[in-house]
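Data first, discussion second: the structure below is written as structure tokens.
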Amino acid sequence: MPEQTYISKLRLTNFRNYAALSIELASGAVVFSGDNGAGKTNLLEAISLLTPGRGLRRAPYADVAREGGDSGFALHARLDGPDGPVEIGTGISGGDNAGDGGRRVRINGAAARSADDMLEWLRVVWLTPAMDGLFPGPAADRRRFLDRLVLAIDPGHGARALDYEKAMRGRNRLLTENSRDGAWFDAIETQMAETGVAIAAARAELVRLLAAMIDRLPGDSPFPQADIGLFGELEGEVANSPAVDVEERFRRALAEGRDRDRAAGRTLDGPHRSDLVVRHRPKAMPAELCSTGEQKALLVGIVLSHARLTGEMSGMTPILLLDEIAAHLDSGRRAALFSILEELNCQAFMTGTDAALFSSLKGRAQFLTVDHGTVGPTEDA
Ligand SMILES: Nc1ncnc2c1ncn2[C@@H]1O[C@H](COP(=O)(O)OP(=O)(O)OP(=O)(O)O)[C@@H](O)[C@H]1O
């Protein structure tokens, strides 16, 4: 059984529409309700910055800093978990160069080497309305979703992806500059082959483990089982051949593809072109052809299975951010979601304009009302 990790206290300074906020949080379900524009998603965004990356909106930090503030922002969380309380702080300082150097992270008062260090203490996973178009939408969004799923069980994945992108940008520059510097190409392509195959292997492993977890969803679950797979040459090869052989083949393919890629002005093959393929198992239908509600239910099933996997792999329960989760779910599905969340023992933040959608959680959740930069207990909850 993974041990529960949860945020017991959250403090925001100059974060979006919050000038200063300090709230105590319960360990299970937490419901934020309030009018449109009150600041519910902003709270989830703050929590999503407790994991590496730019958070659930992928916004530039300059946009996150409160309008009318000093161009900086800070957030601070107190975590309670198996290792006792941990204090995590992150933000950017104000002034002319706000955010230029990325955001700073402090853990228990000491500067972290990188944002990846936060993964030692907590894993955060989210589902937002922006992800409703994930299946019919562009492959890049599914790749990003997939890579976030990998990161939650394999903290080295972020650095790997950055190294690959950096090398690929270098190669693309050589291509567009029409460079013939073979030694320089060789060096960059070797790096792309190493990191690219590592990325493909990590994705393939995640899909294998997650598929096994999805199989544990009951066949009659309101969140249908998904068949998941990867579309990508490297991901296919790593399943069947030793990584060194795949690396060598990819390195050779890159070298042989230079003229073609030069004509295209960019690298045409590699894990940056792969895709996550999802099918609705009970309907035997590609996910992108399912109804909006069916797609949402599929996605919820994947995210819940992934939460279970993350707990089992990392030994700590992930923190779930479920923005406007009740909107597309009928009351039966909502009740099923709440009981799965309780069984997973995760701290789960849920938002909605109407607290009544969460009424079956009365007495089992913390209800907070958000009102233009303030947060207080919801009356009648
Ligand atoms: N940098 C910023 N400084 C001040 N206010 C901001 C900043 N960025 C966004 N806001 C404000 O935050 C509010 C949006 O908050 P948020 O998206 O959290 O709303 P919400 O409660 O989730 O609403 P909805 O129910 O419509 O999704 C808007 O009023 C917006 O103007």
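Within each chain, counting starts at residue 1; across the structure tokens, chains are named A, B, ... in the order shown, with ligands numbered 1 upward in that order.
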
Within 6 Å of ligand 1, counting only C-alpha atoms and all ligand atoms: which residues, as a ChimeraX atom specification?
/A:16-17,35-42,63-67,353

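Contact shell of A:Val370 at 6 Å (only C-alpha atoms; same-chain neighbours under 4 positions omitted): Ser33, Gly34, Ala38, Thr374 and Val375 of chain A.
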
Please produce an output containing N, CA and C atoms for each residue in the selection, written as a JSON list (two decimals), in the first residue's frame.
```
[["chain", "number", "residue", "atom", "x", "y", "z"],
["A", 33, "SER", "N", -15.40, 25.41, -4.99],
["A", 33, "SER", "CA", -16.50, 25.86, -5.82],
["A", 33, "SER", "C", -16.53, 27.38, -5.83],
["A", 34, "GLY", "N", -17.16, 27.95, -6.84],
["A", 34, "GLY", "CA", -17.22, 29.40, -6.95],
["A", 34, "GLY", "C", -17.58, 29.79, -8.37],
["A", 38, "ALA", "N", -13.55, 33.06, -10.56],
["A", 38, "ALA", "CA", -13.29, 33.32, -9.14],
["A", 38, "ALA", "C", -11.84, 33.02, -8.75],
["A", 374, "THR", "N", -10.19, 35.09, -2.62],
["A", 374, "THR", "CA", -10.27, 34.64, -1.23],
["A", 374, "THR", "C", -10.84, 33.22, -1.23],
["A", 375, "VAL", "N", -10.52, 32.49, -0.19],
["A", 375, "VAL", "CA", -11.01, 31.10, -0.09],
["A", 375, "VAL", "C", -11.49, 30.89, 1.34]]
```

Selection: 7 Å around A:Gly315, only C-alpha atoms, excl. self and same-chain fewer than 4 positions, as a list in words: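 So, after excluding close chain neighbours, the residues are Pro2, Glu3 and Gly311 of chain A.
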
Coordinates-based distance that separates atom CA of A:Arg208 from atom CA of A:Asn345 (Å, one decimal):
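Spanning atom CA of A:Asn345 to atom CA of A:Arg208 is a straight-line distance of 23.8 Å.
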
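Every protein, DNA or RNA residue with an atom at most 9 Å from A:Ile188, where only C-alpha atoms count and chain neighbours fewer than 6 positions away do not, is listed here: Ala167, Met168, Gly170 and Arg171 of chain A.
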
**OP:** Write out as a PyMOL selection string which residues come within 10 Å of A:Glu205 when counting only C-alpha atoms, dropping same-chain ones fewer than 3 positions away.
**Re:** chain A and resi 150+154+199-202+208-211+235+238-239

Shell around stretch 116-122 of chain A at 7 Å using only C-alpha atoms, local window under 4 positions removed, as a VMD selection string = chain A and resid 5 50 to 52 112 155 318

* Would you mind writing down, as a ChimeraX atom specification, each residue of stretch 5-251 of chain A that DSSP on the backbone assigns to strand (DSSP E)? => /A:6-15,18-24,29-33,73-80,86-92,104-107,110-111,124-127,226-231

Using only C-alpha atoms, which residues sit within 9 Å of A:Arg334 once same-chain residues fewer than 3 positions away are excluded, as an MDAnalysis selection string?
chainID A and resid 325:326 329:331 337:339 357:358 360

Save out the residues we just selected, C-alpha atoms, as a PDB file, in the first residue's frame.
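Heads up, here's the output in selection-v1.pdb:
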```pdb
ATOM      1  CA  ILE A 325     -14.451  17.130 -13.409  1.00  0.00           C
ATOM      2  CA  ALA A 326     -18.163  16.877 -12.679  1.00  0.00           C
ATOM      3  CA  LEU A 329     -20.117  13.028 -15.717  1.00  0.00           C
ATOM      4  CA  ASP A 330     -23.627  11.888 -14.834  1.00  0.00           C
ATOM      5  CA  SER A 331     -24.443  11.291 -11.160  1.00  0.00           C
ATOM      6  CA  LEU A 337     -15.293   8.555  -9.279  1.00  0.00           C
ATOM      7  CA  PHE A 338     -15.575   9.662  -5.653  1.00  0.00           C
ATOM      8  CA  SER A 339     -15.482   6.130  -4.331  1.00  0.00           C
ATOM      9  CA  LEU A 357     -22.541  18.445  -7.949  1.00  0.00           C
ATOM     10  CA  PHE A 358     -20.341  17.151  -5.136  1.00  0.00           C
ATOM     11  CA  SER A 360     -22.705  13.067  -2.267  1.00  0.00           C
TER      12      SER A 360
END
```

*Go ahead and compute the interatomic distance for atom CA of A:Leu299 and atom CA of A:Ser27, in Å to one decimal.*
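Calculated distance between atom CA of A:Leu299 and atom CA of A:Ser27 is 24.0 Å.
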
For A:Ser179, which of A:Arg258, A:Arg203, A:Lys166, A:Arg216 is the closest residue, counting only C-alpha atoms?
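So, comparing all the options, the nearest one is A:Arg258.
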
* Give the alpha helix (DSSP H) residues of stretch 191-367 of chain A, as DSSP finds them on the backbone, and put them as a count of residues only. => 89

Counting only C-alpha atoms, figure out which residue out of A:Asp147, A:Arg123, A:Ala336, A:Ala110 gets nearest to A:Met313.
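When distances to A:Met313 are compared using only C-alpha atoms, the smallest one comes from A:Arg123.
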
* Counting only C-alpha atoms, which of A:Met131, A:Leu49, A:Val124, A:Ala284 gets nearest to A:Val105? ->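 Using only C-alpha atoms, A:Val105 sits closest to A:Leu49.
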
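If you measure from each of A:Ala111, A:Ile153, A:Ala26, A:Ile47 to A:Leu368 using only C-alpha atoms, the closest one turns out to be A:Ala26.
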